[in-house]
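Visitor: This is the structure I have questions about; it appears just below.
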Amino acid sequence: MGKISALILGALVFKLFLAAGAAAAQESKNDAVVKDGMLVSLQYKLFGEDGKMIESNEGKEPLGYVQGQHMVIPGLEKELTGMKVGEEKHVVIKPEDAYGFVDPKRYQEFPKDRIPPDVLKQLKVGSMIPVRAPNGQTYTFPVSEIKENSIVINLNHPMAGKTLVFDVKVLEIKPSPPLPANQSGQAPPAAKPEPPK
C-alpha cells in the first residue's frame, strides 16, 4: 500500500506542478504589453469621422504588425502602446498622425498623348489609372481632373487629410522574430508617376 500511495501522491504533485507552470505561463502571457519589438495581433474596425465604416477585419485574419517598426500609422501605434491581450480601445487619429494632409504637389499632370487612346476614351474623373513606380511596381491612383490636353492624377494616399476612428482589440502579443535586413516595415519609396503604355 505504501508504494501505491507514494505513486498517487507523486502523480498529484506532478499535476499540481504542471498546473502551476501553465498558470504562470498564462499569467505571463496576460502580463505582456504592447511595446517596441513585440509582434501584435489586432482585430479592428475603421470608421471615417462621419461614423461610416471604411474597413474591418472582424471575422477575418487578424492584423499582425511589429510595434515600433512603423508598420501601422504613427497615431495608432502610439495609442496601442501599453495595451494588454483582450483589451479594447476606441481611438481617434488626426490626419497628422495618420496619412498626413493632402499635398497639392502630389497632383501631377500627364499629357494625353502619352496615354493609349483606348484607355483615354474610358477615363473620367474618379477613374483609377495605373502608375509605375521607379522600382517597377504598379500602383493605381484616381484621375482628379481631365483637361483639354492632359489629365491630373492625385498621388496622395486615399486617406490623406482624413481623421480616422478605430475600434481595436488586442488579440495576441509575443516577441517578434528578427526581420530580414530588407524588411524594415517602411513604406515603399514614393512613386514617380509614369503613365501606362
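Residue numbering restarts at 1 in every chain; chains get A, B, ... in the order shown in the C-alpha cells, and ligands count up from 1 in that same order.
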Can you build me a table of range 37-88 of chain A residues sitting at most 7 Å from range 156-177 of chain A, with the closest atom pair per residue and its distance in Å to one decimal, using only C-alpha atoms, sorted by chain and residue number, as CSV?
Guide:
residue,atom,partner,partner_atom,distance
A:Gly37,CA,A:Ser176,CA,5.9
A:Met38,CA,A:Pro175,CA,4.6
A:Leu39,CA,A:Ser176,CA,4.7
A:Val40,CA,A:Ile173,CA,4.7
A:Ser41,CA,A:Glu172,CA,5.0
A:Leu42,CA,A:Val170,CA,4.8
A:Gln43,CA,A:Lys169,CA,5.2
A:Tyr44,CA,A:Val168,CA,4.4
A:Lys45,CA,A:Asp167,CA,5.2
A:Leu46,CA,A:Phe166,CA,4.7
A:Phe47,CA,A:Val165,CA,5.0
A:Gly48,CA,A:Leu164,CA,5.4
A:Glu49,CA,A:Thr163,CA,5.8
A:Val66,CA,A:Ser176,CA,6.6
A:Lys84,CA,A:Val170,CA,6.6
A:Val85,CA,A:Val170,CA,5.0
A:Gly86,CA,A:Val170,CA,5.4
A:Glu87,CA,A:Lys169,CA,5.7
A:Glu88,CA,A:Lys169,CA,4.3
Visitor: Got time to write the residues from that selection, C-alpha atoms, as a PDB file, in the first residue's frame?
Guide:
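Saved result, out.pdb, follows:
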ATOM      1  CA  GLY A  37       9.730  44.815 -30.678  1.00  0.00           C
ATOM      2  CA  MET A  38       6.535  42.907 -29.873  1.00  0.00           C
ATOM      3  CA  LEU A  39       4.522  41.114 -32.559  1.00  0.00           C
ATOM      4  CA  VAL A  40       0.933  42.259 -32.033  1.00  0.00           C
ATOM      5  CA  SER A  41      -2.258  40.749 -33.485  1.00  0.00           C
ATOM      6  CA  LEU A  42      -5.278  43.041 -33.683  1.00  0.00           C
ATOM      7  CA  GLN A  43      -8.903  42.987 -34.537  1.00  0.00           C
ATOM      8  CA  TYR A  44     -10.076  46.383 -35.759  1.00  0.00           C
ATOM      9  CA  LYS A  45     -12.889  48.377 -37.270  1.00  0.00           C
ATOM     10  CA  LEU A  46     -12.003  51.582 -39.121  1.00  0.00           C
ATOM     11  CA  PHE A  47     -14.532  54.389 -39.448  1.00  0.00           C
ATOM     12  CA  GLY A  48     -14.492  57.794 -41.052  1.00  0.00           C
ATOM     13  CA  GLU A  49     -15.134  60.864 -38.948  1.00  0.00           C
ATOM     14  CA  VAL A  66       5.675  44.643 -35.088  1.00  0.00           C
ATOM     15  CA  LYS A  84      -2.687  44.064 -22.994  1.00  0.00           C
ATOM     16  CA  VAL A  85      -4.236  40.984 -24.596  1.00  0.00           C
ATOM     17  CA  GLY A  86      -8.028  41.232 -24.578  1.00  0.00           C
ATOM     18  CA  GLU A  87      -8.005  44.983 -24.061  1.00  0.00           C
ATOM     19  CA  GLU A  88     -10.201  47.111 -26.343  1.00  0.00           C
TER      20      GLU A  88
END
Visitor: Point out the residue among A:Ala98, A:Ile153, A:Leu80, A:Ile146 with the least atom-to-atom distance to Met128 in chain A, counting only C-alpha atoms.
Guide: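 Answer, going by the shortest atom-to-atom distance: A:Ile153.
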Visitor: From a backbone DSSP assignment, name each residue in range 18-170 of chain A labelled strand (DSSP E), as a ChimeraX atom specification.
Guide: /A:38-48,53-56,63-66,88-93,107-111,128-132,138-146,150-154,164-170
Visitor: Take the residues from that selection and write them out as a compact mmCIF listing (two decimals), in the first residue's frame, keeping C-alpha atoms.
Guide:
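Generated output (result-v3.txt):
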# COMPACT_ATOMS: atom_id res chain seq x y z
CA MET A 38 6.53 42.91 -29.87
CA LEU A 39 4.52 41.11 -32.56
CA VAL A 40 0.93 42.26 -32.03
CA SER A 41 -2.26 40.75 -33.48
CA LEU A 42 -5.28 43.04 -33.68
CA GLN A 43 -8.90 42.99 -34.54
CA TYR A 44 -10.08 46.38 -35.76
CA LYS A 45 -12.89 48.38 -37.27
CA LEU A 46 -12.00 51.58 -39.12
CA PHE A 47 -14.53 54.39 -39.45
CA GLY A 48 -14.49 57.79 -41.05
CA MET A 53 -17.36 52.05 -41.58
CA ILE A 54 -14.46 52.03 -44.04
CA GLU A 55 -12.94 48.64 -43.25
CA SER A 56 -12.93 45.83 -40.70
CA LEU A 63 -3.81 42.33 -38.46
CA GLY A 64 -0.29 41.44 -37.36
CA TYR A 65 2.48 44.01 -37.04
CA VAL A 66 5.67 44.64 -35.09
CA GLU A 88 -10.20 47.11 -26.34
CA LYS A 89 -9.92 50.78 -27.20
CA HIS A 90 -11.72 53.47 -29.21
CA VAL A 91 -9.11 55.67 -30.91
CA VAL A 92 -9.44 58.89 -32.93
CA ILE A 93 -6.41 59.65 -35.13
CA TYR A 107 -1.33 66.19 -58.03
CA GLN A 108 0.54 65.51 -61.24
CA GLU A 109 -0.37 66.30 -64.81
CA PHE A 110 0.22 63.92 -67.72
CA PRO A 111 -0.11 64.75 -71.41
CA MET A 128 -8.32 54.68 -61.35
CA ILE A 129 -5.24 54.73 -63.56
CA PRO A 130 -2.14 52.54 -63.15
CA VAL A 131 1.12 54.34 -62.42
CA ARG A 132 4.52 52.65 -62.43
CA THR A 138 2.46 49.46 -60.38
CA TYR A 139 0.02 51.40 -58.18
CA THR A 140 -3.37 52.83 -59.10
CA PHE A 141 -4.37 56.42 -58.45
CA PRO A 142 -7.54 58.39 -59.16
CA VAL A 143 -7.93 60.87 -62.01
CA SER A 144 -8.88 64.16 -60.36
CA GLU A 145 -9.24 66.35 -63.44
CA ILE A 146 -9.39 65.99 -67.21
CA SER A 150 -3.74 66.46 -70.13
CA ILE A 151 -5.11 64.58 -67.17
CA VAL A 152 -4.37 65.27 -63.50
CA ILE A 153 -3.72 62.33 -61.18
CA ASN A 154 -3.93 62.53 -57.38
CA LEU A 164 -9.66 58.10 -38.75
CA VAL A 165 -11.59 56.37 -35.98
CA PHE A 166 -10.57 52.87 -34.87
CA ASP A 167 -12.16 50.35 -32.53
CA VAL A 168 -9.32 47.94 -31.75
CA LYS A 169 -8.91 44.80 -29.68
CA VAL A 170 -5.51 43.26 -28.91
Visitor: With distances taken over only C-alpha atoms, which residue among A:Ile115, A:Asp103, A:Asp36, A:Glu96 lies nearest Gln69 in chain A?
Guide: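 Answer, going by the shortest atom-to-atom distance: A:Asp36.
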Visitor: Which of these residues is nearest to Lys35 in chain A, using only C-alpha atoms: A:Glu61, A:Lys78, A:Asn135, A:Lys52?
Guide: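 For Lys35 in chain A, the nearest of the candidates is A:Lys78.
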Visitor: To test your reading of the structure, identify every residue in range 30-92 of chain A that backbone DSSP assigns to helix (DSSP H, G or I), and report it as a list in words.
Guide: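 Everything in range 30-92 of chain A that counts as helix (DSSP H, G or I) is Asn30, Asp31, Pro74, Gly75, Leu76, Glu77, Lys78, Glu79 and Leu80 of chain A.
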Visitor: Okay, now the selection with C-alpha atoms, as a PDB file, in the first residue's frame?
Guide:
ATOM      1  CA  ASN A  30      -1.569  38.091 -19.917  1.00  0.00           C
ATOM      2  CA  ASP A  31       1.039  40.462 -18.468  1.00  0.00           C
ATOM      3  CA  PRO A  74       2.001  56.528 -36.066  1.00  0.00           C
ATOM      4  CA  GLY A  75      -1.092  57.665 -34.150  1.00  0.00           C
ATOM      5  CA  LEU A  76      -2.467  54.130 -33.903  1.00  0.00           C
ATOM      6  CA  GLU A  77       0.910  52.722 -32.855  1.00  0.00           C
ATOM      7  CA  LYS A  78       1.139  55.349 -30.110  1.00  0.00           C
ATOM      8  CA  GLU A  79      -2.389  54.585 -28.835  1.00  0.00           C
ATOM      9  CA  LEU A  80      -1.738  50.822 -28.763  1.00  0.00           C
TER      10      LEU A  80
END
Visitor: Separation of CA of Gly82 in chain A and CA of Gln67 in chain A, in Å?
Guide: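 Calculated distance between CA of Gly82 in chain A and CA of Gln67 in chain A is 10.7 Å.
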Visitor: What is the CA of Gln137 in chain A-CA of Arg114 in chain A distance in Å, reported with one decimal?
Guide: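 These atoms are spaced 19.0 Å apart.
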Visitor: When you draw a straight line from CA of Gly100 in chain A to CA of Lys124 in chain A, how long is it in Å?
Guide: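 Going from CA of Gly100 in chain A over to CA of Lys124 in chain A covers 26.3 Å.
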Visitor: Compare A:Pro62, A:Lys147, A:Gly68, A:Asp50 by their minimum atom-to-atom distance to Thr81 in chain A, counting only C-alpha atoms, and give me the closest one.
Guide: A:Gly68
